[in-house]
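Source file: start_17.cif (mmCIF, N, CA and C atoms)
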data_coords
loop_
_atom_site.label_atom_id
_atom_site.label_comp_id
_atom_site.auth_asym_id
_atom_site.auth_seq_id
_atom_site.Cartn_x
_atom_site.Cartn_y
_atom_site.Cartn_z
N MET A 1 106.43 64.52 103.53
CA MET A 1 105.16 65.21 103.62
C MET A 1 105.00 65.85 105.00
N ALA A 2 105.34 65.09 106.04
CA ALA A 2 105.22 65.61 107.40
C ALA A 2 106.16 66.81 107.60
N THR A 3 107.31 66.78 106.96
CA THR A 3 108.26 67.88 107.05
C THR A 3 107.67 69.14 106.42
N LYS A 4 107.00 68.98 105.28
CA LYS A 4 106.38 70.12 104.61
C LYS A 4 105.28 70.73 105.46
N ILE A 5 104.48 69.87 106.10
CA ILE A 5 103.40 70.36 106.95
C ILE A 5 103.97 71.09 108.17
N SER A 6 105.01 70.54 108.78
CA SER A 6 105.59 71.20 109.95
C SER A 6 106.24 72.53 109.56
N LEU A 7 106.84 72.60 108.38
CA LEU A 7 107.41 73.87 107.91
C LEU A 7 106.31 74.89 107.66
N LEU A 8 105.17 74.43 107.11
CA LEU A 8 104.05 75.31 106.86
C LEU A 8 103.50 75.86 108.18
N VAL A 9 103.35 74.98 109.17
CA VAL A 9 102.85 75.40 110.48
C VAL A 9 103.82 76.40 111.11
N LEU A 10 105.11 76.14 111.01
CA LEU A 10 106.12 77.03 111.55
C LEU A 10 106.06 78.39 110.84
N PHE A 11 105.90 78.39 109.53
CA PHE A 11 105.79 79.62 108.75
C PHE A 11 104.56 80.42 109.16
N LEU A 12 103.41 79.74 109.34
CA LEU A 12 102.19 80.42 109.75
C LEU A 12 102.32 81.01 111.15
N CYS A 13 102.98 80.29 112.03
CA CYS A 13 103.19 80.81 113.39
C CYS A 13 104.07 82.06 113.35
N ALA A 14 105.07 82.07 112.48
CA ALA A 14 105.93 83.24 112.35
C ALA A 14 105.14 84.44 111.84
N ILE A 15 104.25 84.21 110.88
CA ILE A 15 103.43 85.30 110.35
C ILE A 15 102.51 85.85 111.43
N VAL A 16 101.89 84.98 112.20
CA VAL A 16 101.01 85.42 113.28
C VAL A 16 101.81 86.22 114.31
N GLY A 17 103.01 85.78 114.62
CA GLY A 17 103.85 86.49 115.57
C GLY A 17 104.23 87.87 115.07
N LEU A 18 104.56 87.97 113.79
CA LEU A 18 104.92 89.28 113.22
C LEU A 18 103.72 90.20 113.16
N SER A 19 102.57 89.67 112.78
CA SER A 19 101.40 90.53 112.66
C SER A 19 100.93 91.04 114.01
N SER A 20 101.19 90.30 115.07
CA SER A 20 100.79 90.76 116.40
C SER A 20 101.66 91.92 116.88
N GLN A 21 102.81 92.13 116.23
CA GLN A 21 103.68 93.23 116.62
C GLN A 21 103.28 94.54 115.99
N MET A 22 102.44 94.51 114.97
CA MET A 22 101.98 95.74 114.33
C MET A 22 100.85 96.33 115.15
N THR A 23 100.80 97.64 115.22
CA THR A 23 99.78 98.32 115.99
C THR A 23 98.80 98.98 115.05
N LEU A 24 97.51 98.64 115.18
CA LEU A 24 96.49 99.26 114.36
C LEU A 24 96.10 100.58 114.99
N ALA A 25 96.10 101.64 114.20
CA ALA A 25 95.70 102.96 114.67
C ALA A 25 94.37 103.33 114.03
N GLU A 26 93.88 104.56 114.30
CA GLU A 26 92.61 104.99 113.75
C GLU A 26 92.70 105.06 112.23
N SER A 27 91.55 105.04 111.61
CA SER A 27 91.40 105.21 110.16
C SER A 27 92.19 104.18 109.37
N ASN A 28 92.22 102.98 109.84
CA ASN A 28 92.90 101.89 109.13
C ASN A 28 94.36 102.20 108.83
N THR A 29 95.06 102.76 109.76
CA THR A 29 96.48 103.02 109.59
C THR A 29 97.26 102.07 110.47
N VAL A 30 98.46 101.73 110.04
CA VAL A 30 99.33 100.86 110.81
C VAL A 30 100.63 101.60 111.04
N ASP A 31 101.04 101.71 112.31
CA ASP A 31 102.32 102.34 112.62
C ASP A 31 103.44 101.39 112.23
N ILE A 32 104.45 101.90 111.58
CA ILE A 32 105.64 101.11 111.30
C ILE A 32 106.84 101.93 111.70
N LYS A 33 107.89 101.26 112.06
CA LYS A 33 109.11 101.95 112.46
C LYS A 33 110.13 101.78 111.34
N SER A 34 110.84 102.84 111.05
CA SER A 34 111.81 102.81 109.97
C SER A 34 113.16 103.27 110.49
N LEU A 35 114.20 102.55 110.09
CA LEU A 35 115.54 102.96 110.48
C LEU A 35 116.07 104.01 109.52
N SER A 36 115.42 104.14 108.36
CA SER A 36 115.81 105.17 107.40
C SER A 36 114.57 105.94 107.01
N GLY A 37 114.75 107.01 106.28
CA GLY A 37 113.61 107.78 105.83
C GLY A 37 113.46 109.09 106.56
N SER A 38 113.94 109.16 107.79
CA SER A 38 113.78 110.41 108.52
C SER A 38 114.67 111.50 107.93
N GLU A 39 115.51 111.13 106.95
CA GLU A 39 116.34 112.14 106.31
C GLU A 39 115.52 113.13 105.50
N MET A 40 114.23 112.84 105.28
CA MET A 40 113.38 113.79 104.57
C MET A 40 113.01 115.00 105.44
N CYS A 41 113.21 114.87 106.74
CA CYS A 41 112.89 115.97 107.66
C CYS A 41 114.15 116.76 107.98
N ARG A 42 113.94 118.03 108.29
CA ARG A 42 115.07 118.87 108.70
C ARG A 42 115.32 118.68 110.19
N ALA A 43 116.46 119.12 110.62
CA ALA A 43 116.85 118.99 112.03
C ALA A 43 115.78 119.62 112.92
N GLY A 44 115.39 118.88 113.94
CA GLY A 44 114.41 119.38 114.90
C GLY A 44 112.97 119.04 114.55
N GLU A 45 112.72 118.62 113.30
CA GLU A 45 111.35 118.24 112.93
C GLU A 45 111.07 116.83 113.41
N HIS A 46 109.81 116.54 113.65
CA HIS A 46 109.36 115.23 114.13
C HIS A 46 108.96 114.38 112.92
N TYR A 47 109.48 113.16 112.83
CA TYR A 47 109.22 112.25 111.71
C TYR A 47 108.18 111.21 112.07
N GLU A 48 107.20 111.02 111.21
CA GLU A 48 106.17 110.00 111.38
C GLU A 48 106.13 109.14 110.12
N ILE A 49 105.94 107.84 110.28
CA ILE A 49 105.76 106.93 109.15
C ILE A 49 104.70 105.91 109.53
N PHE A 50 103.79 105.62 108.60
CA PHE A 50 102.72 104.66 108.86
C PHE A 50 102.14 104.19 107.53
N LEU A 51 101.38 103.09 107.60
CA LEU A 51 100.67 102.57 106.43
C LEU A 51 99.21 102.94 106.54
N CYS A 52 98.60 103.23 105.41
CA CYS A 52 97.20 103.60 105.34
C CYS A 52 96.54 102.66 104.33
N GLY A 53 95.49 101.99 104.71
CA GLY A 53 94.87 101.08 103.74
C GLY A 53 93.61 100.46 104.29
N PRO A 54 92.86 99.77 103.51
CA PRO A 54 93.14 99.49 102.09
C PRO A 54 92.73 100.68 101.21
N THR A 55 93.71 101.42 100.75
CA THR A 55 93.46 102.54 99.85
C THR A 55 94.77 102.97 99.21
N THR A 56 94.66 103.60 98.06
CA THR A 56 95.82 104.24 97.45
C THR A 56 95.54 105.72 97.26
N VAL A 57 94.63 106.25 98.07
CA VAL A 57 94.28 107.67 98.02
C VAL A 57 95.18 108.41 99.02
N CYS A 58 95.92 109.38 98.51
CA CYS A 58 96.87 110.11 99.37
C CYS A 58 96.19 110.99 100.40
N THR A 59 94.90 111.22 100.26
CA THR A 59 94.16 112.00 101.26
C THR A 59 94.24 111.31 102.62
N CYS A 60 94.29 110.00 102.61
CA CYS A 60 94.43 109.25 103.87
C CYS A 60 95.71 109.67 104.59
N CYS A 61 96.80 109.82 103.84
CA CYS A 61 98.07 110.28 104.43
C CYS A 61 97.93 111.70 104.96
N SER A 62 97.38 112.58 104.13
CA SER A 62 97.26 113.99 104.52
C SER A 62 96.46 114.14 105.80
N ASN A 63 95.32 113.47 105.87
CA ASN A 63 94.46 113.57 107.06
C ASN A 63 95.17 113.05 108.31
N ASN A 64 95.82 111.89 108.18
CA ASN A 64 96.46 111.28 109.34
C ASN A 64 97.74 112.00 109.73
N CYS A 65 98.47 112.56 108.76
CA CYS A 65 99.64 113.37 109.10
C CYS A 65 99.22 114.57 109.94
N LYS A 66 98.14 115.21 109.52
CA LYS A 66 97.62 116.38 110.24
C LYS A 66 97.26 116.00 111.68
N ILE A 67 96.55 114.88 111.84
CA ILE A 67 96.15 114.42 113.17
C ILE A 67 97.37 114.12 114.03
N ARG A 68 98.35 113.42 113.48
CA ARG A 68 99.54 113.03 114.23
C ARG A 68 100.36 114.24 114.65
N CYS A 69 100.49 115.22 113.77
CA CYS A 69 101.24 116.43 114.13
C CYS A 69 100.49 117.25 115.17
N GLU A 70 99.17 117.33 115.03
CA GLU A 70 98.38 118.08 116.02
C GLU A 70 98.49 117.46 117.41
N ARG A 71 98.61 116.14 117.48
CA ARG A 71 98.73 115.46 118.78
C ARG A 71 99.95 115.93 119.56
N ILE A 72 100.99 116.35 118.84
CA ILE A 72 102.20 116.82 119.54
C ILE A 72 102.29 118.34 119.52
N GLY A 73 101.17 118.99 119.18
CA GLY A 73 101.12 120.45 119.21
C GLY A 73 101.84 121.11 118.04
N SER A 74 101.87 120.44 116.89
CA SER A 74 102.60 120.95 115.74
C SER A 74 101.70 120.94 114.51
N THR A 75 102.28 121.30 113.37
CA THR A 75 101.58 121.24 112.09
C THR A 75 102.48 120.52 111.08
N VAL A 76 101.89 120.10 109.96
CA VAL A 76 102.63 119.35 108.94
C VAL A 76 103.54 120.30 108.17
N GLU A 77 104.80 119.93 108.10
CA GLU A 77 105.78 120.69 107.30
C GLU A 77 105.88 120.09 105.90
N SER A 78 105.95 118.75 105.81
CA SER A 78 106.01 118.07 104.52
C SER A 78 105.48 116.65 104.69
N GLU A 79 105.08 116.07 103.58
CA GLU A 79 104.58 114.69 103.61
C GLU A 79 104.88 114.01 102.30
N LYS A 80 104.93 112.68 102.34
CA LYS A 80 105.20 111.88 101.16
C LYS A 80 104.25 110.69 101.16
N CYS A 81 103.67 110.41 100.01
CA CYS A 81 102.69 109.34 99.86
C CYS A 81 103.21 108.37 98.79
N THR A 82 103.36 107.09 99.15
CA THR A 82 103.83 106.09 98.21
C THR A 82 102.79 104.99 98.11
N LYS A 83 102.23 104.79 96.92
CA LYS A 83 101.17 103.79 96.71
C LYS A 83 101.80 102.46 96.31
N PHE A 84 101.26 101.35 96.85
CA PHE A 84 101.72 100.02 96.47
C PHE A 84 100.66 99.00 96.81
N THR A 85 100.87 97.78 96.36
CA THR A 85 99.99 96.65 96.70
C THR A 85 100.76 95.77 97.66
N ASN A 86 100.17 95.50 98.83
CA ASN A 86 100.89 94.70 99.84
C ASN A 86 100.90 93.22 99.47
N ALA A 87 101.55 92.41 100.29
CA ALA A 87 101.72 90.99 100.01
C ALA A 87 100.39 90.25 99.91
N ALA A 88 99.36 90.76 100.59
CA ALA A 88 98.04 90.12 100.54
C ALA A 88 97.24 90.58 99.32
N GLY A 89 97.83 91.47 98.51
CA GLY A 89 97.13 91.95 97.32
C GLY A 89 96.23 93.14 97.56
N SER A 90 96.34 93.74 98.72
CA SER A 90 95.47 94.87 99.09
C SER A 90 96.16 96.20 98.76
N PRO A 91 95.42 97.16 98.20
CA PRO A 91 96.03 98.46 97.92
C PRO A 91 96.39 99.16 99.23
N THR A 92 97.60 99.68 99.29
CA THR A 92 98.11 100.27 100.52
C THR A 92 98.89 101.54 100.18
N THR A 93 98.95 102.44 101.12
CA THR A 93 99.70 103.68 100.95
C THR A 93 100.67 103.83 102.12
N ARG A 94 101.94 104.06 101.79
CA ARG A 94 102.97 104.30 102.81
C ARG A 94 103.05 105.82 102.98
N CYS A 95 102.86 106.28 104.19
CA CYS A 95 102.82 107.71 104.47
C CYS A 95 104.01 108.11 105.33
N GLN A 96 104.65 109.22 104.95
CA GLN A 96 105.74 109.78 105.73
C GLN A 96 105.43 111.26 105.94
N CYS A 97 105.63 111.74 107.16
CA CYS A 97 105.32 113.13 107.49
C CYS A 97 106.46 113.74 108.30
N CYS A 98 106.64 115.04 108.10
CA CYS A 98 107.52 115.83 108.94
C CYS A 98 106.65 116.88 109.63
N CYS A 99 106.65 116.87 110.94
CA CYS A 99 105.92 117.89 111.69
C CYS A 99 106.90 119.01 112.01
N LYS A 100 106.42 120.24 111.91
CA LYS A 100 107.28 121.40 112.13
C LYS A 100 107.99 121.32 113.47
N LYS A 101 109.18 121.90 113.49
CA LYS A 101 109.98 121.94 114.71
C LYS A 101 109.19 122.63 115.80
N LEU A 102 109.15 122.01 116.94
CA LEU A 102 108.44 122.58 118.08
C LEU A 102 109.29 123.68 118.70
N THR A 103 108.70 124.83 118.88
CA THR A 103 109.41 125.91 119.55
C THR A 103 109.03 125.87 121.02
N PRO A 104 110.00 126.06 121.88
CA PRO A 104 109.67 126.03 123.30
C PRO A 104 108.72 127.18 123.64
N PRO A 105 107.86 126.98 124.62
CA PRO A 105 106.94 128.06 125.00
C PRO A 105 107.74 129.27 125.46
N PRO A 106 107.18 130.45 125.24
CA PRO A 106 107.93 131.65 125.66
C PRO A 106 108.19 131.60 127.16
N SER A 107 109.41 131.98 127.51
CA SER A 107 109.75 131.95 128.94
C SER A 107 109.05 133.11 129.63
N ARG A 108 108.77 132.91 130.88
CA ARG A 108 108.15 133.97 131.66
C ARG A 108 109.15 135.10 131.80
N LEU A 109 108.67 136.28 131.58
CA LEU A 109 109.57 137.42 131.73
C LEU A 109 109.93 137.57 133.20
N ALA A 110 111.21 137.72 133.43
CA ALA A 110 111.67 137.90 134.80
C ALA A 110 111.22 139.27 135.28
N THR A 111 110.78 139.31 136.51
CA THR A 111 110.36 140.60 137.06
C THR A 111 111.61 141.45 137.26
N PRO A 112 111.53 142.71 136.90
CA PRO A 112 112.73 143.55 137.04
C PRO A 112 113.14 143.64 138.50
N ALA A 113 114.43 143.70 138.69
CA ALA A 113 114.95 143.81 140.05
C ALA A 113 114.57 145.17 140.63
N VAL A 114 114.22 145.17 141.88
CA VAL A 114 113.85 146.41 142.55
C VAL A 114 115.12 146.97 143.19
N THR A 115 115.39 148.24 142.91
CA THR A 115 116.56 148.90 143.48
C THR A 115 116.11 149.73 144.68
N ILE A 116 116.70 149.45 145.80
CA ILE A 116 116.39 150.20 147.02
C ILE A 116 117.58 151.08 147.33
N PRO A 117 117.36 152.39 147.35
CA PRO A 117 118.50 153.28 147.64
C PRO A 117 118.96 153.09 149.09
N LEU A 118 120.25 153.07 149.29
CA LEU A 118 120.82 152.93 150.63
C LEU A 118 121.24 154.31 151.15
N PRO A 119 121.16 154.52 152.45
CA PRO A 119 121.58 155.82 153.00
C PRO A 119 123.09 155.96 152.83
N PRO A 120 123.56 157.18 152.75
CA PRO A 120 125.01 157.39 152.59
C PRO A 120 125.76 156.84 153.79
N LEU A 121 126.96 156.41 153.56
CA LEU A 121 127.80 155.87 154.65
C LEU A 121 128.25 157.01 155.56
N LEU A 122 128.23 156.72 156.82
CA LEU A 122 128.68 157.71 157.80
C LEU A 122 130.17 157.59 157.99
N LYS A 123 130.84 158.72 158.10
CA LYS A 123 132.27 158.70 158.36
C LYS A 123 132.49 158.52 159.85
N LYS A 124 133.62 157.99 160.22
CA LYS A 124 133.91 157.71 161.64
C LYS A 124 133.97 159.01 162.45
N ASP A 125 134.31 160.11 161.86
CA ASP A 125 134.44 161.38 162.56
C ASP A 125 133.08 161.92 163.00
N GLN A 126 132.05 161.56 162.40
CA GLN A 126 130.74 162.15 162.70
C GLN A 126 130.06 161.47 163.83
#
Do you think you could lay out the structure here as structure tokens?
Amino acid sequence: MATKISLLVLFLCAIVGLSSQMTLAESNTVDIKSLSGSEMCRAGEHYEIFLCGPTTVCTCCSNNCKIRCERIGSTVESEKCTKFTNAAGSPTTRCQCCCKKLTPPPSRLATPAVTIPLPPLLKKDQ
């Protein structure tokens, strides 16, 4: 019995430790990091992934994708919304976004070189 209680306490401590690593963002979204999934974006696009809940309304993804892309000076190129029920039984939406490739700001036009005419060379005889 004591072993079961200690395992339960250890399990609860692990859950608390894991939950403290998640970052709560605005509008009830949770940032998550993914080792895969960025293949939905094209080269140069910025990939975002986060959870939105408690909801299964994809508007939550659309709104937050727009906000996240705007923060980096971009706009949404594509997004994906996946609805599911999390382990606690709460409706949740997994959101993935691709923000358009950022183009570098236009370079300053170089000022044209000024040409100064030089006097003709004098010959040694003169």
**OP:** Run the PyMOL selection byres ((chain A and resi 54) around 6.5) on the file and write out the hits as an NGL selection string.
**Re:** :A and (28 or 52-53 or 55-56 or 90-93)
Original post:
Leaving out A:Lys100 and any residue of its chain fewer than 3 positions from it, which residues lie within 12 Å of it when counting only C-alpha atoms, given as a VMD selection string?
Top reply: chain A and resid 41 to 48 65 to 66 68 to 70 72 to 79 97 103
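The two atoms in question, atom CA of A:Lys101 and atom N of A:Met40, are spaced 13.8 Å apart.
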Original post:
Expressed in Å to a single decimal, how great is the separation between atom N of A:Cys58 and atom C of A:Asn86?
Top reply: 16.9 Å
**OP:** State, in Å with one decimal place, the distance from atom CA of A:Cys95 to atom CA of A:Val57.
**Re:**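 We find that atom CA of A:Cys95 and atom CA of A:Val57 lie 10.7 Å from each other.
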